[in-house]
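Undergrad: Handing over entry_22.pdb, PDB, C-alpha atoms, pLDDT in the B column.
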```pdb
ATOM      1  CA  MET A 231      66.907 457.501  14.855  1.00 67.00           C
ATOM      2  CA  ALA A 232      67.962 458.464  18.340  1.00 71.00           C
ATOM      3  CA  TYR A 233      68.638 461.996  17.098  1.00 72.00           C
ATOM      4  CA  GLU A 234      64.847 462.416  16.669  1.00 78.00           C
ATOM      5  CA  PHE A 235      63.983 461.715  20.329  1.00 77.00           C
ATOM      6  CA  GLY A 236      64.100 465.387  21.263  1.00 80.00           C
ATOM      7  CA  ARG A 237      61.881 466.316  18.303  1.00 88.00           C
ATOM      8  CA  VAL A 238      58.790 464.342  19.420  1.00 88.00           C
ATOM      9  CA  GLU A 239      56.050 466.719  20.580  1.00 88.00           C
ATOM     10  CA  GLY A 240      54.655 465.836  23.996  1.00 87.00           C
ATOM     11  CA  ASP A 241      52.167 468.657  24.527  1.00 88.00           C
ATOM     12  CA  ILE A 242      49.335 467.041  22.559  1.00 87.00           C
ATOM     13  CA  GLU A 243      46.614 469.002  24.373  1.00 88.00           C
ATOM     14  CA  ALA A 244      47.985 472.334  23.139  1.00 89.00           C
ATOM     15  CA  LEU A 245      47.800 471.336  19.461  1.00 87.00           C
ATOM     16  CA  ASN A 246      45.074 472.845  17.305  1.00 88.00           C
ATOM     17  CA  GLU A 247      43.676 471.930  13.920  1.00 89.00           C
ATOM     18  CA  ARG A 248      44.998 475.030  12.180  1.00 89.00           C
ATOM     19  CA  ASP A 249      48.574 474.201  13.180  1.00 82.00           C
ATOM     20  CA  LEU A 250      48.309 470.568  12.108  1.00 84.00           C
ATOM     21  CA  GLY A 251      46.308 470.916   8.910  1.00 82.00           C
ATOM     22  CA  ASN A 252      49.303 470.178   6.679  1.00 85.00           C
ATOM     23  CA  VAL A 253      50.502 467.095   8.567  1.00 86.00           C
ATOM     24  CA  MET A 254      47.237 465.272   9.223  1.00 86.00           C
ATOM     25  CA  PRO A 255      46.694 462.135   7.135  1.00 84.00           C
ATOM     26  CA  ASP A 256      43.923 462.205   4.530  1.00 87.00           C
ATOM     27  CA  GLY A 257      40.593 460.660   5.455  1.00 86.00           C
ATOM     28  CA  GLY A 258      40.733 461.257   9.198  1.00 84.00           C
ATOM     29  CA  SER A 259      39.375 463.865  11.549  1.00 90.00           C
ATOM     30  CA  PHE A 260      41.416 466.135  13.777  1.00 90.00           C
ATOM     31  CA  SER A 261      40.095 464.402  16.906  1.00 90.00           C
ATOM     32  CA  GLN A 262      41.088 460.970  15.538  1.00 92.00           C
ATOM     33  CA  PHE A 263      44.549 462.289  14.744  1.00 90.00           C
ATOM     34  CA  LYS A 264      44.963 463.676  18.274  1.00 90.00           C
ATOM     35  CA  GLU A 265      43.766 460.386  19.786  1.00 91.00           C
ATOM     36  CA  LYS A 266      46.421 458.504  17.820  1.00 91.00           C
ATOM     37  CA  LEU A 267      49.084 460.974  18.966  1.00 90.00           C
ATOM     38  CA  ASP A 268      47.906 460.658  22.559  1.00 89.00           C
ATOM     39  CA  SER A 269      47.911 456.843  22.439  1.00 91.00           C
ATOM     40  CA  GLY A 270      51.385 456.722  20.892  1.00 88.00           C
ATOM     41  CA  GLU A 271      50.202 455.165  17.638  1.00 92.00           C
ATOM     42  CA  PHE A 272      51.444 458.316  15.863  1.00 91.00           C
ATOM     43  CA  ALA A 273      54.302 460.621  16.803  1.00 88.00           C
ATOM     44  CA  LEU A 274      54.574 464.248  15.787  1.00 88.00           C
ATOM     45  CA  LEU A 275      58.113 465.388  15.033  1.00 89.00           C
ATOM     46  CA  THR A 276      58.921 469.072  15.055  1.00 86.00           C
ATOM     47  CA  ASP A 277      62.125 471.108  15.024  1.00 87.00           C
ATOM     48  CA  THR A 278      61.057 472.975  18.160  1.00 84.00           C
ATOM     49  CA  PRO A 279      58.626 470.965  20.319  1.00 83.00           C
ATOM     50  CA  MET A 280      56.727 472.885  22.992  1.00 84.00           C
ATOM     51  CA  ARG A 281      57.369 470.008  25.404  1.00 85.00           C
ATOM     52  CA  PRO A 282      59.593 467.177  24.148  1.00 79.00           C
ATOM     53  CA  ALA A 283      57.985 463.783  24.838  1.00 82.00           C
ATOM     54  CA  MET A 284      61.315 461.956  24.971  1.00 72.00           C
ATOM     55  CA  VAL A 285      64.823 462.806  25.977  1.00 67.00           C
ATOM     56  CA  HIS A 286      67.810 460.831  24.699  1.00 60.00           C
ATOM     57  CA  ASP A 287      70.196 459.906  27.468  1.00 65.00           C
ATOM     58  CA  ASN A 288      73.671 458.981  26.211  1.00 65.00           C
ATOM     59  CA  THR A 289      74.810 457.783  29.647  1.00 66.00           C
ATOM     60  CA  ASN A 290      72.293 454.910  29.962  1.00 58.00           C
ATOM     61  CA  LYS A 291      72.934 452.792  26.901  1.00 57.00           C
ATOM     62  CA  LEU A 292      71.694 449.196  26.805  1.00 54.00           C
TER      63      LEU A 292
END
```
Represent the structure contained in this file as structure tokens.

TA:
Amino acid sequence: MAYEFGRVEGDIEALNERDLGNVMPDGGSFSQFKEKLDSGEFALLTDTPMRPAMVHDNTNKL
């Protein structure tokens, strides 16, 4: 799953409800969804993140 590191959105504050309407889980509010993204409980993957939250570094393998 390392190939997905660069797809995790890091600019949570810029997200709006209209943009996320199709990806929000049923039964929750937009503010709850954003809180879970902000806390790291959820991650939002996108093909073109505004600000990637993670960067995969091939040179520092464990």

Undergrad: Report, in Å with one decimal, the straight-line distance from atom CA of Met284 of chain A to atom CA of Met254 of chain A.

TA: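 Atom CA of Met254 of chain A lies at a distance of 21.4 Å from atom CA of Met284 of chain A.
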
Undergrad: With all atoms listed in the file as the atoms that count, which of A:Ala232, A:Lys264, A:Asp277, A:Gly270 lies nearest to Ala244 of chain A?

TA: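 Counting all atoms listed in the file, the residue closest to Ala244 of chain A is A:Lys264.
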
Undergrad: Using the chain letters and numbers from the file, which residues does the PyMOL selection byres ((chain A and resi 281) around 10) grab, as a list in words?

TA: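 In the shown coordinates, the PyMOL selection byres ((chain A and resi 281) around 10) covers Gly236, Arg237, Val238, Glu239, Gly240, Asp241, Ile242, Ala244, Thr278, Pro279, Met280, Pro282, Ala283 and Met284 of chain A.
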
Undergrad: Could you turn the residues from that selection into a file that holds C-alpha atoms, as a short mmCIF file (atom, residue, chain, number, x, y, z; two decimals), in the coordinates of the input?

TA:
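Full text of again27.cif as output:
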```cif
data_model
loop_
_atom_site.label_atom_id
_atom_site.label_comp_id
_atom_site.auth_asym_id
_atom_site.auth_seq_id
_atom_site.Cartn_x
_atom_site.Cartn_y
_atom_site.Cartn_z
CA GLY A 236 64.10 465.39 21.26
CA ARG A 237 61.88 466.32 18.30
CA VAL A 238 58.79 464.34 19.42
CA GLU A 239 56.05 466.72 20.58
CA GLY A 240 54.66 465.84 24.00
CA ASP A 241 52.17 468.66 24.53
CA ILE A 242 49.34 467.04 22.56
CA ALA A 244 47.98 472.33 23.14
CA THR A 278 61.06 472.98 18.16
CA PRO A 279 58.63 470.96 20.32
CA MET A 280 56.73 472.88 22.99
CA PRO A 282 59.59 467.18 24.15
CA ALA A 283 57.98 463.78 24.84
CA MET A 284 61.32 461.96 24.97
#
```

Undergrad: What does the distance between atom CA of Pro255 of chain A and atom CA of Glu234 of chain A come to in Å, to one decimal place?

TA: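 Atom CA of Glu234 of chain A lies 20.5 Å from atom CA of Pro255 of chain A.
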
Undergrad: Any idea what the distance is between atom CA of Asn252 of chain A and atom CA of Thr276 of chain A?

TA: 12.8 Å

Undergrad: Which of these, A:Asp268, A:Ala273, A:Ser259, A:Tyr233, has the shortest distance to Glu247 of chain A once you count only C-alpha atoms?

TA: A:Ser259
